[in-house]
Amino acid sequence: MIRIHALRRQAIQQAARISDWLDQSQSMRRVLIVGALLAAGLLSWRPSGMVALAVYGAVAVWFLAQRPRWVVPILILVGALAPTTMRAGKDGRINAAMLVVSAFIGAEIVRILVRREARFRPSPANAPWLALVAVAGFSVIAGQAQWNPWVVVKNGFWLVQLAQWSLYLLAAGAYFFSGTQLDRRAQLQTLLRVVLFLGLLRVAFWLGLENHLHRLGILGGPIIRIWIVAVAMASGLFIPSLGRRLRAALLGLAAFILLWPLVYLRDWASGWLPALVGAIVVGLLWVWKVSTRAAVFTYLMVVLSGPLFYVIARGLAQDDVWSLDTRIIALRGLTTLLEGRWLLGLGLAAYWHYWRDVIGQMSYIDPATGYLHFTLTPTVNTHNNYLDVLGQMGVLGLVVFLWLLVALAYQGLRSFRAEAPGFGRAYAAACVGGLAGMAFSGLLGDWIIPFVYNIGMNGFRDSFIGWLLLGGLTLLDATRDPTSTGPDGAATIAPSPAAAVAVETVLPDANPRGPSLPHPHPAPSP
């Protein structure tokens, strides 16, 4: 035992020496030059796209290691805009966002195993995130233990379940990624600028490049639209220092992103309805800060006009009413399949197979043609994140999933109330509105956590943006001083006692753009 501990200490010391050596720019340049020459020789002898990708990846890793503050903004840009994906199995696709977040998760796991420490900043969402990942993994075991012998799947079904579990793990990883990699509020400002840049690209595509957008398969999901609207609207309403013209332009961007699909894609409710919900929530937060009486009156009007809003929304999406009917059919079938399995569900990605082999039929009327559709081999998706979770992980999984959403809402509202006027309050308002839009989008499709048999793994390139921005709330909490404010009204440094658990020391920041914290994982000194 003593010998094993000695070997372990030697391995850690050797790894630290290698890390220190690689941190020296001259040594890293030599490694890159030699690696590039070897790769060039290999490519000239036997061309390979994977080798070329590895060379570009090594250069990118070196660049980001030298400039860590660009990691998260570049991740958003590459994840949202890079059309290239790699095939994983027969039907799966892996995108750049998944690769970067996976690398972060792997590094954190190694760090926990070697150094026996985690670097998560305190957050009310930490516990539900970890619980959701754990319940998702446990549901795979429970589903296999109670598998119905009448349900037949291919031998590689465990890979499908692993892929579905990875989507929960990656969503949690994206949240923790921004929460641990960012150390100053100026970096949060950069994130919002990146989102607004994507909004401008979205406008440019709509005004003349829409066909190219569809061909590339980027910026088409509802989650990015939700966050563009929430960020633009919150910035325009809560940051007076931007000036009237810029604030008006931001509100105009939000209106354009919201109204364009409402006019031209009316029958696709996911394209505009969740963004509208997010915009309403941001507007209600603004009314709340302007006048408490006006806020109470507005809230009452919203509650009382709820049924009217439903009727109007149903009328606007009347061509898509049949889709609602199929969702009701899916709900009825799911309740049948869950008899005796309500607590833990059927297992990840299992209800798709259970419906085909147990119920074995589905029929509905398509109002566009008037025909009755009937099939004995249906491929049923609930098109609803909450029903997906219920079918896969049972009531336990649904409770944990709702716990996560409530914890994130509490974190966002707490930050909004605690932040002084300025950027911090705008960021918190955008997160509350964005979360509300995401939560509503879960009623219309598996947009929050993609389902492998519907949107698929490539849907992570849209949903991860929301999790990254929500993770930034932990930085707001860690850098907030309730007694003093900066020149623009943003809270300055001096974290709360709870934040000090994760970050031991706080140094004054000379950067006028915003406060900062020492990085939770500082590089070793030379």
# chains A, B, ... in the order shown; residues from 1 in each chain; ligands from 1
call {"tool": "residues_around", "arguments": {"residues": "Gly456 of chain A", "least_positions_apart": "5", "cutoff": "10 Å", "atoms": "only C-alpha atoms", "output": "number ranges by chain"}}
result
A: 91-94, 163-164, 167, 446-447, 449-451
call {"tool": "residues_around", "arguments": {"residues": "segment 134-140 of chain A", "least_positions_apart": "4", "cutoff": "9 Å", "atoms": "only C-alpha atoms", "output": "list in words"}}
result
Trp129, Leu130, Gln144, Ala145, Trp158, Gln161, Leu162, Gln164, Trp165, Tyr168, Leu169, Leu344, Gly345, Leu346, Gly347, Leu348, Val389, Gln392, Met393, Gly394, Leu396, Gly397 and Val400 of chain A
call {"tool": "atom_distance", "arguments": {"atom1": "atom CA of Ala97 of chain A", "atom2": "atom CA of Ala439 of chain A"}}
result
21.5 Å
call {"tool": "residues_around", "arguments": {"residues": "Phe464 of chain A", "least_positions_apart": "2", "cutoff": "8 Å", "atoms": "only C-alpha atoms", "output": "JSON, numbers by chain"}}
result
{"A": [97, 171, 174, 460, 461, 462, 466, 467, 468]}
call {"tool": "residues_around", "arguments": {"residues": "Leu405 of chain A", "least_positions_apart": "4", "cutoff": "10 Å", "atoms": "only C-alpha atoms", "output": "number ranges by chain"}}
result
A: 125, 128-129, 400-401, 409-411, 435-436, 438-439
call {"tool": "closest_atom_pairs", "arguments": {"of": "segment 159-267 of chain A", "to": "segment 272-279 of chain A", "cutoff": "8 Å", "atoms": "only C-alpha atoms", "output": "JSON lines"}}
result
{"residue": "A:Pro222", "atom": "CA", "partner": "A:Pro274", "partner_atom": "CA", "distance": 7.5}
{"residue": "A:Arg225", "atom": "CA", "partner": "A:Ala275", "partner_atom": "CA", "distance": 6.4}
{"residue": "A:Ile226", "atom": "CA", "partner": "A:Ala275", "partner_atom": "CA", "distance": 4.3}
{"residue": "A:Trp227", "atom": "CA", "partner": "A:Ala275", "partner_atom": "CA", "distance": 7.7}
{"residue": "A:Val229", "atom": "CA", "partner": "A:Ala275", "partner_atom": "CA", "distance": 6.5}
{"residue": "A:Ala230", "atom": "CA", "partner": "A:Ala279", "partner_atom": "CA", "distance": 5.9}
{"residue": "A:Met233", "atom": "CA", "partner": "A:Ala279", "partner_atom": "CA", "distance": 7.1}
{"residue": "A:Leu258", "atom": "CA", "partner": "A:Trp272", "partner_atom": "CA", "distance": 5.9}
{"residue": "A:Leu259", "atom": "CA", "partner": "A:Trp272", "partner_atom": "CA", "distance": 7.5}
{"residue": "A:Pro261", "atom": "CA", "partner": "A:Trp272", "partner_atom": "CA", "distance": 5.9}
{"residue": "A:Leu262", "atom": "CA", "partner": "A:Trp272", "partner_atom": "CA", "distance": 5.7}
{"residue": "A:Arg266", "atom": "CA", "partner": "A:Trp272", "partner_atom": "CA", "distance": 7.8}
call {"tool": "select_by_dssp", "arguments": {"residues": "segment 146-194 of chain A", "states": "alpha helix (DSSP H)", "output": "PyMOL selection string"}}
result
chain A and resi 157-181+185-194
call {"tool": "closest_residue", "arguments": {"among": "A:Leu200, A:Ala420, A:Val231, A:Ala349", "to": "Lys289 of chain A", "atoms": "only C-alpha atoms"}}
result
A:Ala420
call {"tool": "closest_residue", "arguments": {"among": "A:Gln189, A:Ser166, A:Ser102, A:Thr336", "to": "Val133 of chain A", "atoms": "only C-alpha atoms"}}
result
A:Ser166
call {"tool": "atom_distance", "arguments": {"atom1": "atom CA of Tyr354 of chain A", "atom2": "atom CA of Val151 of chain A"}}
result
5.9 Å
